[in-house]
$ cat final.txt   # compact mmCIF, C-alpha atoms
# COMPACT_ATOMS: atom_id res chain seq x y z
CA MET A 261 -23.21 4.56 29.96
CA LYS A 262 -20.28 6.07 31.74
CA PHE A 263 -18.61 9.15 30.30
CA ASN A 264 -15.03 8.50 31.07
CA HIS A 265 -12.12 10.57 29.82
CA THR A 266 -8.61 9.56 30.75
CA PHE A 267 -5.70 11.48 29.38
CA SER A 268 -2.20 10.21 28.99
CA THR A 269 0.48 12.83 28.58
CA SER A 270 3.06 10.51 27.17
CA LEU A 271 2.79 8.63 23.95
CA THR A 272 2.39 4.95 24.53
CA ARG A 273 5.33 3.08 23.04
CA TYR A 274 4.34 0.12 20.99
CA GLY A 275 6.66 -2.32 19.30
CA TRP A 276 5.71 -1.23 15.84
CA GLY A 277 7.63 -3.07 13.20
CA PRO A 278 9.05 -1.52 10.06
CA ARG A 279 6.40 -3.11 7.89
CA LEU A 280 3.71 -1.64 10.04
CA ALA A 281 5.33 1.75 9.74
CA LEU A 282 2.05 3.43 8.86
CA VAL A 283 1.38 4.52 12.39
CA ALA A 284 4.93 5.56 13.15
CA LEU A 285 5.13 7.48 9.91
CA PHE A 286 1.90 9.26 10.64
CA LEU A 287 3.47 10.34 13.89
CA ALA A 288 6.58 11.33 12.01
CA ALA A 289 4.34 13.36 9.75
CA ILE A 290 3.44 15.54 12.67
CA CYS A 291 7.01 15.92 13.87
CA LEU A 292 8.45 16.61 10.45
CA SER A 293 5.64 18.77 9.13
CA ALA A 294 5.47 16.40 6.25
CA VAL A 295 2.64 15.48 3.99
CA ALA A 296 1.97 11.80 3.94
CA GLU A 297 1.20 10.36 0.56
CA ALA A 298 -0.91 7.83 2.35
CA HIS A 299 -4.55 8.72 2.16
CA HIS A 300 -4.28 11.74 4.37
CA SER A 301 -2.06 13.26 6.99
CA PHE A 302 -2.92 12.48 10.59
CA ALA A 303 -1.88 15.90 11.85
CA MET A 304 -5.44 16.58 13.00
CA PHE A 305 -5.02 14.04 15.80
CA ASP A 306 -3.23 14.61 19.07
CA PHE A 307 -1.00 11.59 19.51
CA ASP A 308 0.18 12.87 22.89
CA LYS A 309 -3.23 12.23 24.37
CA LYS A 310 -5.44 9.21 24.72
CA VAL A 311 -9.14 9.31 25.51
CA SER A 312 -11.24 6.36 26.62
CA ILE A 313 -14.94 6.40 25.83
CA ASP A 314 -17.67 3.97 26.86
CA GLY A 315 -20.57 3.93 24.48
CA THR A 316 -22.85 2.18 22.06
CA VAL A 317 -21.94 1.52 18.45
CA LYS A 318 -24.18 3.48 16.13
CA ASP A 319 -22.44 2.33 12.96
CA PHE A 320 -19.41 0.24 12.02
CA GLN A 321 -18.16 1.12 8.55
CA TRP A 322 -15.71 -1.50 7.24
CA THR A 323 -14.30 0.53 4.38
CA ASN A 324 -10.95 1.34 2.80
CA PRO A 325 -8.88 3.37 3.18
CA HIS A 326 -10.34 4.00 6.63
CA VAL A 327 -12.63 2.03 8.87
CA TRP A 328 -15.00 4.24 10.87
CA ILE A 329 -16.84 3.59 14.11
CA ASP A 330 -19.58 5.99 15.16
CA VAL A 331 -20.19 5.69 18.88
CA ILE A 332 -22.93 7.26 21.00
CA VAL A 333 -21.70 8.24 24.44
CA GLU A 334 -24.15 9.25 27.17
CA SER A 335 -23.16 12.33 29.15
CA PRO A 336 -24.85 14.63 31.66
CA GLU A 337 -25.59 16.94 28.73
CA GLY A 338 -27.21 14.14 26.76
CA PRO A 339 -25.97 11.68 24.14
CA LYS A 340 -22.89 12.66 22.14
CA GLN A 341 -21.67 11.07 18.93
CA TYR A 342 -17.99 10.31 18.48
CA GLY A 343 -16.44 9.58 15.08
CA VAL A 344 -13.57 7.16 15.45
CA GLU A 345 -11.32 6.75 12.45
CA GLY A 346 -9.42 3.50 12.07
CA PHE A 347 -6.61 2.61 9.73
CA ALA A 348 -7.12 0.71 6.49
CA ILE A 349 -8.82 -2.69 6.41
CA PRO A 350 -5.56 -4.64 5.84
CA VAL A 351 -4.01 -3.00 8.91
CA LEU A 352 -6.97 -3.80 11.13
CA LYS A 353 -7.20 -7.32 9.72
CA GLY A 354 -3.65 -7.80 10.89
CA ALA A 355 -4.78 -6.80 14.37
CA GLY A 356 -7.61 -9.34 14.37
CA TRP A 357 -10.51 -7.21 13.22
CA THR A 358 -13.06 -8.52 10.74
CA PHE A 359 -15.93 -6.93 8.86
CA ASN A 360 -18.36 -8.16 11.54
CA THR A 361 -16.35 -7.43 14.68
CA LEU A 362 -18.87 -4.77 15.67
CA LYS A 363 -22.52 -4.13 14.93
CA PRO A 364 -24.93 -1.35 15.86
CA GLY A 365 -26.01 -1.60 19.47
CA ASP A 366 -22.78 -3.17 20.73
CA LYS A 367 -21.45 -1.75 23.98
CA VAL A 368 -17.80 -0.86 23.59
CA THR A 369 -14.95 0.90 25.28
CA ILE A 370 -12.77 2.69 22.77
CA VAL A 371 -9.42 4.31 23.30
CA LEU A 372 -8.57 7.00 20.79
CA ASN A 373 -6.11 9.77 20.05
CA PRO A 374 -8.46 12.78 20.10
CA LEU A 375 -8.87 15.41 17.43
CA ARG A 376 -6.76 18.44 18.13
CA SER A 377 -9.73 20.64 17.27
CA GLY A 378 -11.65 19.34 20.26
CA ALA A 379 -14.39 17.91 18.05
CA LEU A 380 -15.79 14.59 19.24
CA GLY A 381 -13.67 12.02 17.51
CA GLY A 382 -10.21 10.69 17.04
CA SER A 383 -7.92 8.03 15.72
CA LEU A 384 -8.65 4.51 16.90
CA VAL A 385 -6.11 3.04 19.33
CA SER A 386 -8.02 0.05 20.66
CA ALA A 387 -11.50 -1.22 21.33
CA THR A 388 -12.82 -3.50 24.04
CA LEU A 389 -15.63 -5.55 22.55
CA PRO A 390 -18.84 -6.76 24.23
CA ASP A 391 -17.15 -10.14 24.95
CA GLY A 392 -14.35 -8.39 26.82
CA LYS A 393 -11.74 -8.92 24.14
CA THR A 394 -9.58 -5.92 23.28
CA LEU A 395 -8.35 -5.33 19.75
CA GLY A 396 -5.62 -2.87 18.89
CA THR A 397 -4.66 -1.41 15.55
CA SER A 398 -1.77 -3.65 14.63
CA ARG A 399 -0.69 -7.17 15.44
CA ARG A 400 1.85 -5.70 17.79
CA THR A 401 -0.69 -3.88 19.93
CA GLN A 402 -2.92 -6.79 20.83
CA MET B 158 -2.20 -72.58 -19.02
CA ARG B 159 -3.49 -69.52 -17.29
CA ALA B 160 -2.37 -70.79 -13.90
CA MET B 161 1.12 -71.33 -15.26
CA ASN B 162 1.16 -67.87 -16.74
CA ALA B 163 -0.08 -66.39 -13.49
CA SER B 164 2.90 -67.77 -11.66
CA GLY B 165 5.22 -67.18 -14.61
CA SER B 166 5.18 -64.34 -17.15
CA PHE B 167 1.95 -62.77 -15.75
CA GLY B 168 3.54 -62.73 -12.29
CA ARG B 169 6.62 -60.97 -13.62
CA ALA B 170 4.44 -58.45 -15.42
CA ARG B 171 2.45 -57.77 -12.22
CA ARG B 172 5.66 -57.30 -10.21
CA SER B 173 6.95 -54.98 -12.91
CA ARG B 174 3.71 -52.95 -12.77
CA VAL B 175 3.93 -52.74 -8.97
CA ARG B 176 7.55 -51.59 -9.24
CA SER B 177 6.53 -49.04 -11.82
CA ILE B 178 3.69 -47.73 -9.61
CA LEU B 179 6.00 -47.55 -6.61
CA LEU B 180 8.66 -45.70 -8.58
CA THR B 181 6.05 -43.28 -9.94
CA ALA B 182 4.72 -42.70 -6.44
CA LEU B 183 8.24 -42.09 -5.12
CA ALA B 184 9.07 -39.72 -7.96
CA GLY B 185 5.74 -37.94 -7.48
CA GLY B 186 6.36 -37.66 -3.77
CA ALA B 187 9.84 -36.31 -4.37
CA LEU B 188 8.53 -33.78 -6.88
CA PHE B 189 5.77 -32.76 -4.46
CA GLY B 190 8.33 -32.35 -1.72
CA VAL B 191 10.57 -30.24 -3.92
CA SER B 192 7.65 -28.09 -5.00
CA VAL B 193 6.52 -27.57 -1.40
CA MET B 194 10.09 -26.65 -0.43
CA GLY B 195 10.19 -24.36 -3.43
CA MET B 196 7.00 -22.66 -2.32
CA ALA B 197 8.38 -22.22 1.15
CA ALA B 198 11.63 -20.80 -0.16
CA GLY B 199 9.88 -18.49 -2.63
CA ARG B 200 9.34 -18.72 -6.31
CA HIS B 201 11.98 -19.27 -8.94
CA ARG B 202 11.80 -16.52 -11.53
CA GLY B 203 13.05 -16.36 -15.04
CA PRO B 204 15.02 -13.21 -15.90
CA ARG B 205 12.01 -11.61 -17.58
CA ASP B 206 9.36 -12.86 -15.18
CA ILE B 207 8.09 -9.71 -13.53
CA SER B 208 4.58 -11.04 -12.94
CA GLY B 209 2.96 -11.20 -9.54
CA LEU B 210 2.50 -9.10 -6.46
CA TRP B 211 5.28 -6.78 -5.38
CA MET B 212 5.81 -4.50 -2.42
CA GLN B 213 8.25 -1.65 -2.54
CA TYR B 214 11.32 -2.32 -0.45
CA PRO B 215 12.38 -0.54 1.59
CA PHE B 216 8.85 0.36 2.49
CA VAL B 217 8.59 4.12 2.22
CA PHE B 218 5.84 6.64 1.85
CA GLN B 219 7.64 8.93 -0.54
CA PHE B 220 8.60 8.10 -4.09
CA ASP B 221 12.33 8.59 -3.47
CA PRO B 222 13.44 5.87 -1.02
CA THR B 223 16.69 7.69 -0.25
CA LEU B 224 14.88 10.57 1.43
CA LYS B 225 13.93 10.74 5.04
CA PHE B 226 10.20 11.05 5.46
CA GLY B 227 9.20 14.65 4.89
CA GLU B 228 12.54 15.70 3.42
CA PRO B 229 12.14 17.89 0.32
CA GLN B 230 12.62 16.20 -3.02
CA LYS B 231 15.96 16.41 -4.82
CA ALA B 232 14.57 17.39 -8.20
CA ALA B 233 16.46 20.24 -9.90
CA LEU B 234 13.49 22.39 -10.79
CA GLN B 235 13.18 25.30 -13.16
CA PRO B 236 12.47 28.55 -11.25
CA GLU B 237 8.71 28.66 -11.88
CA TYR B 238 8.26 25.05 -10.77
CA GLU B 239 10.60 25.52 -7.82
CA THR B 240 8.42 28.42 -6.64
CA ARG B 241 5.28 26.29 -6.96
CA TYR B 242 6.87 23.43 -5.06
CA ARG B 243 8.13 25.70 -2.24
CA THR B 244 4.69 27.34 -1.98
CA TYR B 245 3.12 23.91 -1.64
CA LEU B 246 5.66 22.81 0.97
CA ALA B 247 5.03 25.96 3.02
CA ALA B 248 1.26 25.50 2.89
CA ALA B 249 1.61 21.84 3.80
CA ALA B 250 3.91 22.61 6.73
CA LYS B 251 1.52 25.29 8.01
CA GLY B 252 -1.40 22.87 7.83
CA GLU B 253 0.51 20.18 9.68
CA ALA B 254 1.63 22.57 12.41
CA GLU B 255 -1.91 23.80 12.93
CA GLY B 256 -3.45 20.35 12.89
CA LYS B 257 -5.29 21.19 9.69
CA PRO B 258 -3.49 19.13 7.03
CA LEU B 259 -3.98 20.01 3.38
CA ALA B 260 -6.61 18.04 1.57
CA ASN B 261 -4.23 16.97 -1.16
CA ALA B 262 -5.15 14.77 -4.10
CA SER B 263 -4.73 11.60 -2.07
CA ALA B 264 -7.07 12.83 0.67
CA GLN B 265 -9.62 13.41 -2.08
CA CYS B 266 -9.12 9.85 -3.35
CA LEU B 267 -7.56 11.12 -6.55
CA PRO B 268 -4.86 8.96 -8.15
CA SER B 269 -1.21 9.77 -7.57
CA GLY B 270 -0.46 9.27 -11.25
CA LEU B 271 2.74 7.95 -12.72
CA PRO B 272 5.44 7.68 -11.46
CA THR B 273 4.17 8.04 -7.88
CA SER B 274 1.64 5.27 -8.48
CA MET B 275 4.59 2.87 -8.51
CA SER B 276 5.30 3.84 -4.92
CA GLY B 277 2.25 2.74 -3.02
CA PHE B 278 1.95 1.62 0.57
CA ALA B 279 0.18 -1.50 -0.63
CA PRO B 280 1.11 -4.19 -3.14
CA LEU B 281 1.58 -3.60 -6.84
CA GLU B 282 0.61 -6.40 -9.19
CA PHE B 283 2.12 -6.99 -12.62
CA VAL B 284 0.17 -9.08 -15.10
CA VAL B 285 2.11 -9.95 -18.22
CA THR B 286 0.39 -10.78 -21.49
CA LYS B 287 1.82 -11.10 -24.98
CA LYS B 288 1.03 -7.57 -26.09
CA THR B 289 0.50 -5.66 -22.87
CA ILE B 290 1.88 -5.57 -19.35
CA TYR B 291 -0.63 -4.40 -16.77
CA ALA B 292 0.28 -2.89 -13.43
CA PHE B 293 -2.39 -2.78 -10.74
CA PRO B 294 -1.43 -0.58 -7.82
CA GLU B 295 -3.56 -1.32 -4.78
CA GLY B 296 -5.11 1.95 -3.75
CA TRP B 297 -6.82 4.54 -5.86
CA ASP B 298 -4.64 4.61 -8.94
CA PRO B 299 -6.24 3.08 -12.02
CA PRO B 300 -4.65 0.10 -13.76
CA ARG B 301 -1.62 0.97 -15.81
CA ARG B 302 -1.07 -0.45 -19.31
CA ILE B 303 2.35 -0.82 -20.90
CA PHE B 304 1.92 -1.56 -24.59
CA LEU B 305 4.74 -3.73 -25.86
CA ASN B 306 6.75 -3.12 -29.00
CA ARG B 307 4.90 -0.04 -30.09
CA PRO B 308 6.23 3.42 -30.78
CA LEU B 309 5.38 6.19 -28.35
CA PRO B 310 3.05 8.64 -30.07
CA ALA B 311 3.85 12.34 -29.92
CA TRP B 312 2.71 13.55 -26.51
CA GLU B 313 0.80 16.41 -28.09
CA ASP B 314 -1.44 13.83 -29.76
CA VAL B 315 -2.29 11.78 -26.67
CA GLU B 316 -5.10 12.55 -24.27
CA PRO B 317 -3.53 13.08 -20.85
CA SER B 318 -4.33 10.53 -18.16
CA TYR B 319 -3.24 9.75 -14.63
CA GLU B 320 -0.98 6.87 -15.59
CA GLY B 321 -0.04 8.34 -18.95
CA TYR B 322 0.63 6.43 -22.14
CA SER B 323 3.29 3.76 -21.72
CA VAL B 324 5.15 1.65 -24.25
CA GLY B 325 7.70 -1.01 -23.42
CA ARG B 326 10.24 -3.27 -25.02
CA TRP B 327 12.73 -5.80 -23.81
CA GLU B 328 16.38 -4.93 -24.20
CA GLY B 329 18.15 -8.07 -23.07
CA ASP B 330 16.53 -8.85 -19.74
CA THR B 331 15.65 -5.23 -19.00
CA LEU B 332 12.16 -3.95 -19.72
CA LEU B 333 12.47 -0.42 -21.06
CA VAL B 334 9.30 1.57 -20.54
CA ASP B 335 8.64 5.07 -21.80
CA THR B 336 5.69 7.07 -20.55
CA GLU B 337 4.32 10.46 -21.49
CA SER B 338 1.03 12.35 -21.34
CA VAL B 339 0.55 12.24 -17.57
CA LYS B 340 -2.02 14.74 -16.32
CA VAL B 341 -0.36 17.90 -15.04
CA ARG B 342 -2.67 18.01 -12.02
CA THR B 343 -0.62 15.17 -10.54
CA THR B 344 2.59 15.79 -8.62
CA ILE B 345 5.49 13.64 -7.59
CA ASP B 346 5.21 13.94 -3.83
CA GLY B 347 4.29 17.58 -4.30
CA VAL B 348 6.75 18.28 -7.12
CA PRO B 349 4.86 19.70 -10.10
CA HIS B 350 5.56 18.59 -13.65
CA SER B 351 4.59 19.83 -17.08
CA ASP B 352 2.78 18.25 -20.01
CA ALA B 353 6.20 17.50 -21.51
CA MET B 354 7.25 15.10 -18.74
CA HIS B 355 8.84 11.90 -19.97
CA VAL B 356 9.37 8.99 -17.60
CA GLN B 357 11.76 6.26 -18.65
CA GLU B 358 11.88 3.10 -16.58
CA ARG B 359 14.41 0.31 -16.66
CA ILE B 360 12.75 -2.66 -14.97
CA ARG B 361 14.63 -5.87 -14.30
CA VAL B 362 14.52 -8.92 -12.09
CA LEU B 363 17.52 -8.90 -9.78
CA ASP B 364 16.82 -12.28 -8.17
CA ASP B 365 13.89 -14.55 -7.41
CA ASP B 366 12.49 -12.09 -4.88
CA THR B 367 13.65 -8.69 -6.07
CA LEU B 368 12.62 -6.32 -8.82
CA GLU B 369 14.37 -3.06 -9.67
CA ASP B 370 12.85 -0.06 -11.42
CA VAL B 371 15.14 2.84 -12.31
CA PHE B 372 13.09 5.92 -13.13
CA THR B 373 14.61 8.71 -15.19
CA ILE B 374 12.30 11.69 -15.35
CA THR B 375 12.98 14.38 -17.90
CA ASP B 376 10.87 17.48 -18.32
CA PRO B 377 12.35 20.39 -20.26
CA LYS B 378 9.75 22.80 -18.88
CA ALA B 379 9.97 21.79 -15.22
CA LEU B 380 13.37 20.20 -14.66
CA LYS B 381 16.87 21.57 -15.15
CA ALA B 382 18.35 18.06 -15.23
CA PRO B 383 17.05 14.48 -15.37
CA TRP B 384 15.68 13.26 -12.05
CA VAL B 385 16.78 9.67 -11.43
CA ILE B 386 15.25 7.52 -8.71
CA THR B 387 15.86 3.81 -8.18
CA LYS B 388 13.23 1.74 -6.45
CA HIS B 389 13.27 -1.88 -5.42
CA TYR B 390 10.39 -4.22 -4.81
CA LYS B 391 10.19 -7.54 -3.02
CA ASP B 392 8.01 -10.46 -3.96
CA TYR B 393 4.93 -9.96 -1.84
CA GLU B 394 4.50 -13.67 -1.25
CA THR B 395 8.07 -14.03 -0.09
CA GLN B 396 7.57 -11.12 2.22
CA ALA B 397 4.44 -12.63 3.64
CA ILE B 398 6.01 -16.06 4.03
CA GLY B 399 9.36 -14.85 5.19
CA ASP B 400 12.46 -16.58 3.92
CA ALA B 401 14.26 -18.63 6.50
CA ASN B 402 16.89 -19.52 3.90
CA ARG B 403 18.13 -15.98 3.91
CA PRO B 404 18.75 -15.06 7.54
CA GLY B 405 18.67 -11.36 8.06
CA GLN B 406 16.56 -10.85 4.98
CA GLU B 407 13.39 -12.22 6.43
CA LEU B 408 10.78 -9.61 5.89
CA GLU B 409 7.98 -8.61 8.16
CA PRO B 410 4.73 -10.11 6.91
CA HIS B 411 2.36 -7.67 5.30
CA PHE B 412 -0.59 -6.30 7.20
CA ALA B 413 -2.73 -9.35 6.63
CA GLY B 414 -0.27 -11.44 8.60
CA LYS B 415 1.34 -14.80 8.05
CA GLY B 416 -0.86 -17.38 6.49
CA ALA B 417 -3.37 -14.83 5.25
CA GLU B 418 -4.59 -15.05 1.72
CA LEU B 419 -2.13 -13.24 -0.51
CA VAL B 420 -4.38 -11.04 -2.53
CA SER B 421 -4.48 -7.41 -3.26
CA GLU B 422 -7.14 -5.66 -1.21
CA GLU B 423 -10.13 -4.03 -2.88
CA VAL B 424 -9.92 -0.33 -2.23
CA VAL B 425 -12.75 1.96 -3.26
CA CYS B 426 -11.53 5.16 -1.71
CA VAL B 427 -14.59 7.27 -2.43
CA GLU B 428 -16.94 4.72 -0.88
CA ASN B 429 -16.70 6.32 2.52
CA ASN B 430 -14.27 9.19 2.31
CA ARG B 431 -15.10 11.29 5.32
CA ASN B 432 -11.87 13.21 4.87
CA MET B 433 -12.81 15.31 1.86
CA PRO B 434 -11.71 18.96 2.01
CA GLY B 435 -13.26 20.75 4.95
CA ALA B 436 -12.93 24.38 5.99
CA ASN B 437 -10.09 26.28 4.29
CA GLY B 438 -9.21 23.31 2.12
CA SER B 439 -7.89 21.22 4.96
CA VAL B 440 -8.76 17.59 5.50
CA SER B 441 -12.15 17.25 7.13
CA ASP B 442 -12.04 15.43 10.45
CA GLY B 443 -14.99 13.33 9.33
CA VAL B 444 -16.97 13.64 12.52
CA ALA B 445 -20.41 15.06 13.29
CA HIS B 446 -20.31 18.72 14.34

$ encode --input "final.txt" --output "structure tokens"
Amino acid sequence: MKFNHTFSTSLTRYGWGPRLALVALFLAAICLSAVAEAHHSFAMFDFDKKVSIDGTVKDFQWTNPHVWIDVIVESPEGPKQYGVEGFAIPVLKGAGWTFNTLKPGDKVTIVLNPLRSGALGGSLVSATLPDGKTLGTSRRTQ
Amino acid sequence: MRAMNASGSFGRARRSRVRSILLTALAGGALFGVSVMGMAAGRHRGPRDISGLWMQYPFVFQFDPTLKFGEPQKAALQPEYETRYRTYLAAAAKGEAEGKPLANASAQCLPSGLPTSMSGFAPLEFVVTKKTIYAFPEGWDPPRRIFLNRPLPAWEDVEPSYEGYSVGRWEGDTLLVDTESVKVRTTIDGVPHSDAMHVQERIRVLDDDTLEDVFTITDPKALKAPWVITKHYKDYETQAIGDANRPGQELEPHFAGKGAELVSEEVVCVENNRNMPGANGSVSDGVAH
């Protein structure tokens, strides 16, 4: 497994629609120091950076209000576990995800907005599945 | 005899039956066509028909749709409550700036409580029965019950709950709902309230696709003046279908996308909440450390 970090200094612009304002509003939450009345604020993520990880799915948790993907990434220091937090099931459904999109053992490449704390995890941006298909987090990001 | 009848009166009767079947088929086909067109154009509502799935419109995260996201609320608060609200806002802002957002009630999967429960980021379903109107907000607020044509008991006598105790009655085509006894641990987007909060709602159907709810919040302990907020909701099915008959009003389909089954999603927030309060009361990042 390759340990591959790529950082992007500019926020990728997606064509998010008003109805899919979740993501944009989470970003706004950071800018406006606001408290989202969605499940939780996303201020712990750094939306100015993107990290790509190649790894093996340890667990795929298809749950509301957040889907979680635990990924094991091999590194020179040994295996490291990343916690990748997705949006709610309805949001991911809109992007083409289903409850059985991933299973333990699947090899994936995941792009995430990393935790600002430096802990191993982040907010799901997209995932490239074993069949080569890439799924984003809204219909507009596919 | 029979042969004569077959080519005579029996023949006329058969032709009449055929005509009748054809006419029925045509009428049925026309009715089917109209109903399909009706489905495509949205549903026709009676003036008191508030049933079904609704999505707040415009889609906003805060209860007051006139505010920009993150803008402080416009409630005229009594000094003690103003101080509490400002303290909360400062703590929230600090958490956001430091990347350690507050683990508020929502992050802990606790209900928003009325009236904020009527302002979800997912559909709200009204089910109307003869004696009770139920509201099911998708998310982690419990079902809400509006008891029809009953007096509101004295708030001191009612056990507080997240959605409070609601009674409703029709005044013309407006459903008047009065609610009290909402738990004081809830806030309205951070604005605290007291045990004496009274929420009056005036709910009415504006057109086939639109519902209006005018909230008037009074609270002699917490508010200096009534706090009035008007919210609108759009028929969730119309939103998902889009309405080509109303150019410019076509709404973005909901998350599930066009053609998806129009149901409210099951949300069991505590099932896998990895964002419970972490260090210093901030939202846990949910990852292995």

$ closest_residue --input "final.txt" --among "A:Leu362, A:Val351, A:Ala303, A:Leu375" --to "A:Ala387" --atoms "all atoms listed in the file"
A:Leu362

$ atom_distance --input "final.txt" --atom1 "atom CA of A:Asp330" --atom2 "atom CA of A:Thr316"
8.5 Å

$ atom_distance --input "final.txt" --atom1 "atom CA of B:Thr373" --atom2 "atom CA of B:Thr344"
15.4 Å

$ residues_around --input "final.txt" --residues "A:Asp319" --least-positions-apart "2" --cutoff "8 Å" --atoms "only C-alpha atoms" --output "PDB file with C-alpha atoms, keeping the file's coordinate frame"
ATOM      1  CA  VAL A 317     -21.940   1.520  18.450  1.00  0.00           C
ATOM      2  CA  GLN A 321     -18.160   1.120   8.550  1.00  0.00           C
ATOM      3  CA  TRP A 328     -15.000   4.240  10.870  1.00  0.00           C
ATOM      4  CA  ILE A 329     -16.840   3.590  14.110  1.00  0.00           C
ATOM      5  CA  ASP A 330     -19.580   5.990  15.160  1.00  0.00           C
ATOM      6  CA  VAL A 331     -20.190   5.690  18.880  1.00  0.00           C
ATOM      7  CA  LYS A 363     -22.520  -4.130  14.930  1.00  0.00           C
ATOM      8  CA  PRO A 364     -24.930  -1.350  15.860  1.00  0.00           C
TER       9      PRO A 364
END

$ residues_near_point --input "final.txt" --point "(19.0, 22.0, -15.8)" --cutoff "12 Å" --atoms "only C-alpha atoms" --output "number ranges by chain"
B: 232-236, 375-384

$ residues_around --input "final.txt" --residues "stretch 263-266 of chain B" --least-positions-apart "6" --cutoff "10 Å" --atoms "all atoms listed in the file" --output "list of chain:residue names"
A:Ala296, A:Glu297, A:Ala298, A:His299, A:His300, A:Ser301, A:Pro325, B:Gly296, B:Trp297, B:Asp298, B:Val425, B:Cys426, B:Val427, B:Glu428, B:Asn430, B:Arg431, B:Asn432, B:Met433, B:Pro434, B:Ser439, B:Val440, B:Ser441

$ atom_distance --input "final.txt" --atom1 "atom CA of A:Lys340" --atom2 "atom CA of A:Phe305"
19.0 Å

$ residues_around --input "final.txt" --residues "B:Arg301" --least-positions-apart "2" --cutoff "8 Å" --atoms "all atoms listed in the file" --output "mmCIF file with C-alpha atoms, in the frame of the given file"
data_model
loop_
_atom_site.group_PDB
_atom_site.id
_atom_site.type_symbol
_atom_site.label_atom_id
_atom_site.label_comp_id
_atom_site.auth_asym_id
_atom_site.auth_seq_id
_atom_site.Cartn_x
_atom_site.Cartn_y
_atom_site.Cartn_z
ATOM 1 C CA TYR B 291 -0.630 -4.400 -16.770
ATOM 2 C CA ALA B 292 0.280 -2.890 -13.430
ATOM 3 C CA PHE B 293 -2.390 -2.780 -10.740
ATOM 4 C CA PRO B 299 -6.240 3.080 -12.020
ATOM 5 C CA ILE B 303 2.350 -0.820 -20.900
ATOM 6 C CA GLU B 320 -0.980 6.870 -15.590
#

$ residues_around --input "final.txt" --residues "stretch 201-218 of chain B" --least-positions-apart "4" --cutoff "6 Å" --atoms "all atoms listed in the file" --output "ChimeraX atom specification"
/B:280-285,330,362,365,389-393

$ closest_residue --input "final.txt" --among "B:Asp370, B:Arg200, B:Ser269, B:Gln230" --to "chain A" --atoms "only C-alpha atoms"
B:Ser269

$ residues_around --input "final.txt" --residues "B:Tyr245" --least-positions-apart "5" --cutoff "9 Å" --atoms "only C-alpha atoms" --output "mmCIF file with C-alpha atoms, keeping the file's coordinate frame"
data_model
loop_
_atom_site.group_PDB
_atom_site.id
_atom_site.type_symbol
_atom_site.label_atom_id
_atom_site.label_comp_id
_atom_site.auth_asym_id
_atom_site.auth_seq_id
_atom_site.Cartn_x
_atom_site.Cartn_y
_atom_site.Cartn_z
ATOM 1 C CA THR B 240 8.420 28.420 -6.640
ATOM 2 C CA ALA B 250 3.910 22.610 6.730
ATOM 3 C CA GLY B 347 4.290 17.580 -4.300
ATOM 4 C CA VAL B 348 6.750 18.280 -7.120
#

$ closest_residue --input "final.txt" --among "A:Ser312, A:Thr394, A:Asn324, A:Thr358" --to "chain B" --atoms "all atoms listed in the file"
A:Asn324

$ build_atoms --input "final.txt" --residues "stretch 281-291 of chain B" --atoms "N, CA and C atoms" --output "short mmCIF file (atom, residue, chain, number, x, y, z; two decimals), in the frame of the given file"
data_model
loop_
_atom_site.label_atom_id
_atom_site.label_comp_id
_atom_site.auth_asym_id
_atom_site.auth_seq_id
_atom_site.Cartn_x
_atom_site.Cartn_y
_atom_site.Cartn_z
N LEU B 281 1.70 -3.96 -5.43
CA LEU B 281 1.58 -3.60 -6.84
C LEU B 281 1.63 -4.92 -7.61
N GLU B 282 0.66 -5.12 -8.47
CA GLU B 282 0.61 -6.40 -9.19
C GLU B 282 0.90 -6.20 -10.67
N PHE B 283 1.85 -6.98 -11.18
CA PHE B 283 2.12 -6.99 -12.62
C PHE B 283 1.45 -8.21 -13.24
N VAL B 284 0.73 -7.98 -14.31
CA VAL B 284 0.17 -9.08 -15.10
C VAL B 284 0.74 -8.96 -16.50
N VAL B 285 1.40 -10.01 -16.94
CA VAL B 285 2.11 -9.95 -18.22
C VAL B 285 1.32 -10.74 -19.27
N THR B 286 0.99 -10.08 -20.37
CA THR B 286 0.39 -10.78 -21.49
C THR B 286 1.30 -10.56 -22.71
N LYS B 287 0.94 -11.15 -23.81
CA LYS B 287 1.82 -11.10 -24.98
C LYS B 287 2.01 -9.67 -25.49
N LYS B 288 0.94 -8.90 -25.49
CA LYS B 288 1.03 -7.57 -26.09
C LYS B 288 1.08 -6.43 -25.07
N THR B 289 0.63 -6.73 -23.85
CA THR B 289 0.50 -5.66 -22.87
C THR B 289 0.93 -6.15 -21.49
N ILE B 290 1.60 -5.29 -20.76
CA ILE B 290 1.88 -5.57 -19.35
C ILE B 290 1.00 -4.62 -18.54
N TYR B 291 0.26 -5.19 -17.61
CA TYR B 291 -0.63 -4.40 -16.77
C TYR B 291 0.00 -4.27 -15.39
#
